[in-house]
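A.B. asks: Here you go, one structure.
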Amino acid sequence: MRKVKKLFTLLTALYMSLMLPVQVMAAVDLNTKYEVDTNKIQGWPQAADIASDTGILMDADTGAVLFDKGGDQQRYPASITKIMTLLVAVENSSMDEQVTFTETGVRNVTADSSNINSKIGEVMTMQDCLHALIIQSANDAAAQIAEHVGGTEQNFIDMMNQRAAQIGCTNTHFTNSSGLPDENHYSSAKDMALIFREGLKNEAFRSVIGDADYTIKPTNMTSDKRVFHTHHPMFAPESDIYYQGCIGGKTGFTNLAAHTLVTAVEQNGTTYIAVVMHGVELSTCCLDSKALFDYGFRNFTKTAVDGGSVILPNGMDVNTLTTKSENNNGKVDTVYYVGDHQVGNSTVDEPAATPTPEAAVSETAGQTAASGTTGNTSDESAGTDNTGDSGTSSGEVSRNSKNTQDTRSTTAGEEGETKGIPALRKILLMAMAVMVLILIALLAALGRKERKHRR
């Protein structure tokens, strides 16, 4: 029987391992077309469709989604994967660390793989490698960064997946640090926007993503400089598709992923993140992204609320929003909604309990004492004849003093009563105990008498 159970368990595990790749592959459906979901929100500015399969426009500050077309649908990310590689690297290393290239990185130096022609034993700084990663989209740099930071390439990939989960990604799984084709390597437009949004909170991330040009100086194995210039048309000032206020992004392409693009633009204190996936051409992705930024800046306004901000369609009053609040460790977190669509949030200190005013208590006590004491009237009459040089009557001083004494007397009386109650309770309990003992003694005597009677 045990052998049968073991055999059944083994067959089940084998079946699950064989089916997993099929399930993952089936999840990335490249044939389904999606509508613009945000156009269904009541009172929301209507947006034109984009040519890319999926896309999203997100406010970097609040995380509010202004445009959503299949934002949660899985797509192959290609080299925009390197945004996550950059984030995990800057969070777990320093720019001046020395990175030595090994077979792990150099194996990606091939004709069909973007690279910087690195050599085994070549040493560069982490800053050099990260700029090669983003500007040149170097796959050899991606693999070598992963091994250097994670100890092993696989450990770094595990770190990428763990970090994605912490950020809130629900449709993402990485199998490499570069974005090279793998059926189990996927993400979504919303998840990539969340990752980029998290990266913008890190100064080292912003410094790398914000450089359109970079030069790697000669190394221990290369006498020539390596000069890089951005491949992102919306970030290149000389490009016809350059977008004013663009602060960086990342391009991506494989045959299966088609073109993917992540871009951030900042104007007038508002930063938007646009992600488009599975576009036919890079230029198409750029035009889609431009349309999303234009839509966001023309139709929405950031409005401050206590402890945060909200993104609202132009003309919408913040007082029309619905809110949900919860207390967390002395803070009150509030989320703002248009219908059931989140548009912002705030965090403020939890209000302290309002104390009872002491002056009001004293005044009430004094009035009570005055109404119940006959001596107050004569004292007050006598005191009103004398006034001090300071302008304060001695009668007022006398009244205050008397009221204070009466208040103390009343308080003392109340305390006496309070103390008297436990004493009386003790006496009653002792009396009851004695009565119980007497009752027991009587019952015992009756029992003895009854037994004698029977005999």
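Please note that chains go A, B, ... in the order of the structure tokens, that every chain numbers its residues from 1, and that ligands are numbered from 1 in the order shown.
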Each residue of stretch 156-213 of chain A with at least one atom at most 7 Å from stretch 233-253 of chain A should appear once, together with its nearest atom pair and the corresponding distance in Å (one decimal); atoms considered: only C-alpha atoms; ordering: chain, then increasing residue number; output as a Markdown table.

C.D. replies:
| residue | atom | partner | partner_atom | distance |
| --- | --- | --- | --- | --- |
| A:Ile209 | CA | A:Gly248 | CA | 5.4 |
| A:Gly210 | CA | A:Gly248 | CA | 5.1 |
| A:Ala212 | CA | A:Ala236 | CA | 6.9 |

A.B. asks: Would you output that residue set with all heavy atoms, as an mmCIF file, in the first residue's frame?

C.D. replies:
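File written: out_14.cif
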data_model
loop_
_atom_site.group_PDB
_atom_site.id
_atom_site.type_symbol
_atom_site.label_atom_id
_atom_site.label_comp_id
_atom_site.auth_asym_id
_atom_site.auth_seq_id
_atom_site.Cartn_x
_atom_site.Cartn_y
_atom_site.Cartn_z
ATOM 1 N N ILE A 209 18.672 56.331 -14.480
ATOM 2 C CA ILE A 209 17.604 56.386 -15.476
ATOM 3 C C ILE A 209 17.527 57.763 -16.133
ATOM 4 O O ILE A 209 17.032 57.917 -17.252
ATOM 5 C CB ILE A 209 16.241 56.018 -14.833
ATOM 6 C CG1 ILE A 209 15.322 55.341 -15.854
ATOM 7 C CG2 ILE A 209 15.554 57.210 -14.227
ATOM 8 C CD1 ILE A 209 15.660 53.923 -16.142
ATOM 9 N N GLY A 210 18.057 58.771 -15.450
ATOM 10 C CA GLY A 210 17.977 60.141 -15.953
ATOM 11 C C GLY A 210 19.150 60.568 -16.820
ATOM 12 O O GLY A 210 19.202 61.717 -17.264
ATOM 13 N N ALA A 212 20.997 60.474 -20.274
ATOM 14 C CA ALA A 212 20.846 60.118 -21.690
ATOM 15 C C ALA A 212 22.194 59.747 -22.311
ATOM 16 O O ALA A 212 22.231 59.079 -23.355
ATOM 17 C CB ALA A 212 20.215 61.277 -22.457
#

A.B. asks: Assign secondary structure with DSSP using the backbone only, and return the residues of stretch 192-231 of chain A in helix (DSSP H, G or I) as a list in words.

C.D. replies: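 Reading the DSSP output for stretch 192-231 of chain A, helix (DSSP H, G or I) covers Met192, Ala193, Leu194, Ile195, Phe196, Arg197, Glu198, Gly199, Glu203, Ala204, Phe205, Arg206, Ser207, Val208 and Ile209 of chain A.
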
A.B. asks: Which residues come within 9 Å of stretch 254-260 of chain A, counting only C-alpha atoms, excluding same-chain residues fewer than 6 positions away, as a count of residues only?

C.D. replies: 20

A.B. asks: For A:Leu261, which residue out of A:Gly55, A:Gly43, A:Pro313, A:Gly330 is the nearest one, using only C-alpha atoms?

C.D. replies: A:Gly55
